[in-house]
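See structure below.
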Amino acid sequence: MPNNHHEWPTVTFGDVVQEITVHEREPETQGLDRYVGLDHLDPGDPRVRRWGLISEGVTFTKVFRAGQILFGKRRVYQKKMGVPNFDGLCSGDIIVLDTKDKRLSREFLALVVQTEAFFAHAEKTSSGSLSPRTKFRELAKFKFLLPPPEQQRELVELMQGFERAIEAGEGVAEAASKVQDLLLKNLSPRKPNVNTIDELSEHVTSGSRGWAAYYSGEGAHFVRIGDLKRRQLYPDLSETQKILAPNTKEADRTRLLENDILISVTADIGIVNLVPENVGEAYVNQHIAIVRLDRDKANPKFCAYFLRSPEGQKQLQMSNDSGIKAGINLQSIRRLKVNLPSAEKQSESVQRLDCAASLLKEHNAAQSNLRQLRFSILNTALTPSATAEAAAEVPA
């Protein structure tokens, strides 16, 4: 896209954009059947891909039309906006925007609303402590560069190209996820060799309480339930709490080793992860069980995958006490059953699941990189000086 910022006029948002405040109390008589709340807007995604049905009951009355811009005015740091391709009703916490100047296209307006500069301005003008909100009269003061129609179209087409690439990648990632789910579903052999975790394990225990006294900005990883991942086999060790662990038997008992199986036993019950290679020094708290298998009896990765399968998850959920302090005790963990095929079949299943997981991870990373590149180009091309200036005024 030609970069002629010095030739573009600066305009004030309120001079070229209007807030739409049309209300309808009998929407179904007007052919409206869908509504959009803040929860339906996905941060960083300009598409509106989720909605509710008015027939199921809703108190919203504000009307929007296809192609208008929906901007979440509450907690704008969440960066919620979207462009619907259908008519409907929306929450009062959504501002409906449209153009009122022929020099500005709707498609280009949607790009302006996605910039860091616009969100920075919206956040700066928000008020309220618990649930800060901005108002259109504050957004109307925002200034931005307005390129001529041809260059607006060029930037819109470029961003639409990114969106098509992102959507295509999402399709591949979704397919990889479905393959992974199918492989997990088919893990159980037709003639299973059923063993309990107790029979296969060298060590079944859980983490300890009282680690807060050892919290530090450096040292060993301290893995908690929030570090475990449902859609990944390995925990996220990049942002774990760090501890300086004591040199005690209790620390020795709960220290993690490569290929230990981790199972969340309270709160978000049944997340199964595997300790990665080169984990270094790492520990868990009392909300996570540690299963260390005898490798001569079972492949740890196969067993971890099996416990993530529908059959494994069913057992884990049935082990839930469901009392006032719901959870799974270690005796229940030991009684979990694993349907083991031959060692060769275990390795084959692991190889296939690893391949699907790798494909999913690569495409998710590619999607993330595409989104970052899209917004980087958008911010640079659209409001280079305004972005920096507005963002600098937002308190850290």
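Going through the structure tokens in order, the chains are called A, B, and so on, while each chain numbers its residues from 1 and the ligands are numbered from 1 in the order shown.
Neighbouring residues of stretch 346-350 of chain A at 9 Å or closer, counting only C-alpha atoms and skipping chain neighbours under 3 positions away, are Leu183, Leu184, Leu187, Ala298, Asn299, Lys301, Phe302, Cys303, Tyr305, Leu340, Pro341, Ser342, Ala343, Leu353, Asp354 and Cys355 of chain A.
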(request) Go through stretch 187-377 of chain A and collect every residue that DSSP, computed from the backbone, puts in strand (DSSP E); the answer should be as JSON, numbers by chain. (result) {"A": [193, 194, 195, 196, 201, 202, 203, 204, 205, 206, 215, 216, 220, 221, 222, 223, 241, 242, 243, 261, 262, 263, 264, 272, 273, 274, 282, 283, 284, 288, 289, 290, 291, 292, 293, 337, 338, 339, 340]}
Would you write out those residues with N, CA, C and O atoms, as a compact mmCIF listing (two decimals), in the first residue's frame?
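The resulting again.txt:
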# COMPACT_ATOMS: atom_id res chain seq x y z
N ASN A 193 -5.80 -55.33 27.56
CA ASN A 193 -5.07 -55.85 28.71
C ASN A 193 -5.23 -54.79 29.79
O ASN A 193 -4.53 -53.79 29.79
N VAL A 194 -6.19 -54.99 30.69
CA VAL A 194 -6.56 -53.94 31.64
C VAL A 194 -5.67 -54.00 32.87
O VAL A 194 -5.53 -55.05 33.50
N ASN A 195 -5.05 -52.86 33.17
CA ASN A 195 -4.25 -52.72 34.37
C ASN A 195 -4.66 -51.47 35.13
O ASN A 195 -5.08 -50.48 34.52
N THR A 196 -4.54 -51.52 36.43
CA THR A 196 -4.79 -50.31 37.21
C THR A 196 -3.52 -49.48 37.26
O THR A 196 -2.40 -49.99 37.06
N SER A 201 2.47 -48.50 38.39
CA SER A 201 3.21 -47.35 38.90
C SER A 201 4.30 -47.71 39.91
O SER A 201 4.20 -48.70 40.64
N GLU A 202 5.30 -46.87 39.95
CA GLU A 202 6.33 -46.90 40.99
C GLU A 202 5.98 -45.92 42.12
O GLU A 202 6.41 -46.10 43.26
N HIS A 203 5.21 -44.89 41.78
CA HIS A 203 5.06 -43.77 42.72
C HIS A 203 3.76 -43.03 42.38
O HIS A 203 3.58 -42.58 41.25
N VAL A 204 2.84 -42.95 43.33
CA VAL A 204 1.62 -42.17 43.17
C VAL A 204 1.49 -41.29 44.40
O VAL A 204 1.38 -41.79 45.52
N THR A 205 1.51 -40.00 44.19
CA THR A 205 1.44 -39.07 45.32
C THR A 205 0.83 -37.76 44.85
O THR A 205 0.41 -37.64 43.70
N SER A 206 0.77 -36.80 45.73
CA SER A 206 0.29 -35.46 45.36
C SER A 206 1.23 -34.43 45.95
O SER A 206 2.06 -34.76 46.83
N TYR A 215 8.16 -19.06 48.00
CA TYR A 215 8.01 -18.34 46.73
C TYR A 215 9.19 -17.40 46.52
O TYR A 215 9.65 -16.72 47.44
N SER A 216 9.64 -17.35 45.27
CA SER A 216 10.79 -16.51 44.94
C SER A 216 10.68 -16.11 43.48
O SER A 216 9.92 -16.68 42.72
N ALA A 220 13.21 -23.02 41.30
CA ALA A 220 12.52 -24.14 40.67
C ALA A 220 11.14 -23.74 40.17
O ALA A 220 10.53 -22.79 40.66
N HIS A 221 10.64 -24.49 39.19
CA HIS A 221 9.26 -24.31 38.74
C HIS A 221 8.31 -24.83 39.81
O HIS A 221 8.54 -25.88 40.41
N PHE A 222 7.22 -24.09 40.03
CA PHE A 222 6.17 -24.57 40.92
C PHE A 222 4.89 -24.64 40.10
O PHE A 222 4.28 -23.63 39.77
N VAL A 223 4.51 -25.87 39.72
CA VAL A 223 3.41 -26.08 38.78
C VAL A 223 2.09 -26.15 39.53
O VAL A 223 1.93 -26.94 40.47
N GLN A 241 5.06 -19.99 38.86
CA GLN A 241 5.62 -19.41 40.07
C GLN A 241 6.98 -20.06 40.32
O GLN A 241 7.18 -21.24 40.06
N LYS A 242 7.96 -19.29 40.79
CA LYS A 242 9.28 -19.85 41.10
C LYS A 242 9.43 -19.98 42.61
O LYS A 242 8.95 -19.13 43.38
N ILE A 243 10.09 -21.05 43.04
CA ILE A 243 10.31 -21.28 44.46
C ILE A 243 11.76 -21.68 44.71
O ILE A 243 12.44 -22.22 43.84
N ILE A 261 3.25 -38.34 35.08
CA ILE A 261 1.91 -37.93 34.66
C ILE A 261 1.32 -37.04 35.76
O ILE A 261 1.35 -37.40 36.94
N LEU A 262 0.79 -35.89 35.37
CA LEU A 262 0.19 -34.94 36.31
C LEU A 262 -1.32 -34.94 36.08
O LEU A 262 -1.79 -34.83 34.94
N ILE A 263 -2.09 -35.01 37.17
CA ILE A 263 -3.55 -35.03 37.08
C ILE A 263 -4.12 -34.02 38.07
O ILE A 263 -3.82 -34.08 39.28
N SER A 264 -4.92 -33.09 37.58
CA SER A 264 -5.56 -32.14 38.49
C SER A 264 -6.66 -32.87 39.25
O SER A 264 -7.50 -33.55 38.66
N VAL A 272 -4.99 -33.78 32.38
CA VAL A 272 -3.87 -34.72 32.39
C VAL A 272 -2.74 -34.15 31.54
O VAL A 272 -2.93 -33.88 30.36
N ASN A 273 -1.59 -33.98 32.14
CA ASN A 273 -0.40 -33.52 31.43
C ASN A 273 0.77 -34.44 31.71
O ASN A 273 0.70 -35.30 32.61
N LEU A 274 1.83 -34.28 30.95
CA LEU A 274 3.04 -35.09 31.10
C LEU A 274 4.21 -34.15 31.32
O LEU A 274 4.33 -33.12 30.64
N ALA A 282 11.45 -29.02 39.59
CA ALA A 282 10.05 -28.59 39.54
C ALA A 282 9.24 -29.37 40.57
O ALA A 282 9.55 -30.53 40.88
N TYR A 283 8.20 -28.71 41.08
CA TYR A 283 7.34 -29.29 42.11
C TYR A 283 5.89 -28.92 41.79
O TYR A 283 5.62 -28.08 40.94
N VAL A 284 4.95 -29.57 42.51
CA VAL A 284 3.53 -29.24 42.34
C VAL A 284 2.91 -29.01 43.71
O VAL A 284 3.45 -29.44 44.74
N ILE A 288 -2.58 -31.24 42.62
CA ILE A 288 -2.14 -32.05 41.47
C ILE A 288 -1.56 -33.37 41.97
O ILE A 288 -0.73 -33.39 42.89
N ALA A 289 -2.00 -34.48 41.36
CA ALA A 289 -1.45 -35.80 41.66
C ALA A 289 -0.30 -36.10 40.70
O ALA A 289 -0.31 -35.68 39.54
N ILE A 290 0.69 -36.83 41.22
CA ILE A 290 1.84 -37.25 40.42
C ILE A 290 1.79 -38.77 40.27
O ILE A 290 1.71 -39.50 41.26
N VAL A 291 1.83 -39.25 39.02
CA VAL A 291 1.86 -40.68 38.75
C VAL A 291 3.16 -40.98 38.01
O VAL A 291 3.37 -40.49 36.89
N ARG A 292 4.02 -41.77 38.64
CA ARG A 292 5.29 -42.16 38.02
C ARG A 292 5.21 -43.64 37.68
O ARG A 292 5.18 -44.50 38.55
N LEU A 293 5.18 -43.94 36.39
CA LEU A 293 4.99 -45.32 35.94
C LEU A 293 6.29 -46.09 35.91
O LEU A 293 7.38 -45.53 35.75
N LYS A 337 -8.21 -47.42 35.55
CA LYS A 337 -7.84 -48.54 34.69
C LYS A 337 -7.36 -48.04 33.34
O LYS A 337 -7.94 -47.12 32.75
N VAL A 338 -6.29 -48.66 32.86
CA VAL A 338 -5.72 -48.33 31.55
C VAL A 338 -5.80 -49.57 30.67
O VAL A 338 -5.36 -50.66 31.07
N ASN A 339 -6.37 -49.40 29.47
CA ASN A 339 -6.46 -50.50 28.52
C ASN A 339 -5.20 -50.52 27.66
O ASN A 339 -5.04 -49.72 26.76
N LEU A 340 -4.30 -51.44 27.97
CA LEU A 340 -2.98 -51.44 27.33
C LEU A 340 -2.91 -52.41 26.16
O LEU A 340 -3.13 -53.61 26.33
(request) List the neighbours of A:Gly226 out to 10 Å using only C-alpha atoms; skip same-chain residues closer than 3 positions along the sequence, and give me the result as a PyMOL selection string. (result) chain A and resi 223+229+235-236+240+264+268
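Nearest to A:Glu19 of all the residues A:Arg308, A:Arg106, A:Arg334, A:Lys100 is A:Lys100, counting only C-alpha atoms.
Among the candidate residues A:Gln160, A:Asn329, A:Gln313, A:Asn379, the one lying nearest to A:Phe119 is A:Asn379, with distances computed using only C-alpha atoms.
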(request) Mind the document's chain letters and residue numbers, and return as a ChimeraX atom specification the residues of stretch 248-331 of chain A that DSSP labels helix (DSSP H, G or I). (result) /A:249-254,300-308,310-318,330-331
Written file, previous selection with C-alpha atoms, as a compact mmCIF listing (two decimals), in the first residue's frame:
# COMPACT_ATOMS: atom_id res chain seq x y z
CA LYS A 249 12.11 -35.42 52.37
CA GLU A 250 8.84 -33.68 51.54
CA ALA A 251 10.50 -31.84 48.68
CA ASP A 252 12.11 -35.07 47.47
CA ARG A 253 8.71 -36.79 47.52
CA THR A 254 7.04 -34.18 45.34
CA PRO A 300 4.06 -43.11 30.18
CA LYS A 301 3.07 -41.02 27.17
CA PHE A 302 0.55 -43.64 26.02
CA CYS A 303 -0.99 -43.75 29.49
CA ALA A 304 -1.17 -39.96 29.63
CA TYR A 305 -2.91 -39.92 26.27
CA PHE A 306 -5.25 -42.70 27.42
CA LEU A 307 -6.24 -40.71 30.52
CA ARG A 308 -7.01 -37.77 28.19
CA PRO A 310 -13.04 -40.14 26.50
CA GLU A 311 -12.67 -43.43 28.41
CA GLY A 312 -9.98 -42.02 30.71
CA GLN A 313 -11.87 -38.78 31.29
CA LYS A 314 -15.03 -40.72 32.11
CA GLN A 315 -13.17 -42.61 34.83
CA LEU A 316 -11.68 -39.42 36.25
CA GLN A 317 -15.03 -37.66 36.39
CA MET A 318 -16.67 -40.69 38.02
CA LEU A 330 -5.11 -40.84 45.62
CA GLN A 331 -6.88 -44.18 46.17
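A straight line drawn from atom CA of A:Val96 to atom CA of A:Met81 is 9.9 Å long.
Atom CA of A:Tyr35 lies 8.0 Å from atom CA of A:Ser91.
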(message) Quick one: residues within 7 Å of stretch 367-371 of chain A, only C-alpha atoms, excluding same-chain residues fewer than 3 positions away - as number ranges by chain?
(response) A: 166, 169, 363-364, 374-375
Only N, CA, C and O atoms, please: the residues just picked out, written as a compact mmCIF listing (two decimals), in the first residue's frame.
# COMPACT_ATOMS: atom_id res chain seq x y z
N ILE A 166 -6.07 -16.36 7.73
CA ILE A 166 -6.30 -16.78 9.11
C ILE A 166 -7.44 -17.79 9.18
O ILE A 166 -7.36 -18.82 9.85
N GLY A 169 -6.33 -21.13 7.88
CA GLY A 169 -5.51 -21.79 8.88
C GLY A 169 -6.33 -22.35 10.02
O GLY A 169 -6.03 -23.42 10.56
N HIS A 363 0.09 -24.99 13.48
CA HIS A 363 -0.92 -24.13 12.87
C HIS A 363 -1.43 -23.07 13.84
O HIS A 363 -1.73 -21.95 13.43
N ASN A 364 -1.51 -23.41 15.13
CA ASN A 364 -1.89 -22.40 16.11
C ASN A 364 -0.84 -21.31 16.18
O ASN A 364 -1.17 -20.12 16.30
N ARG A 374 -0.74 -8.91 10.99
CA ARG A 374 -1.87 -8.13 10.51
C ARG A 374 -2.02 -6.84 11.30
O ARG A 374 -2.13 -5.74 10.74
N PHE A 375 -2.02 -6.95 12.63
CA PHE A 375 -2.22 -5.76 13.46
C PHE A 375 -1.00 -4.84 13.41
O PHE A 375 -1.15 -3.62 13.51
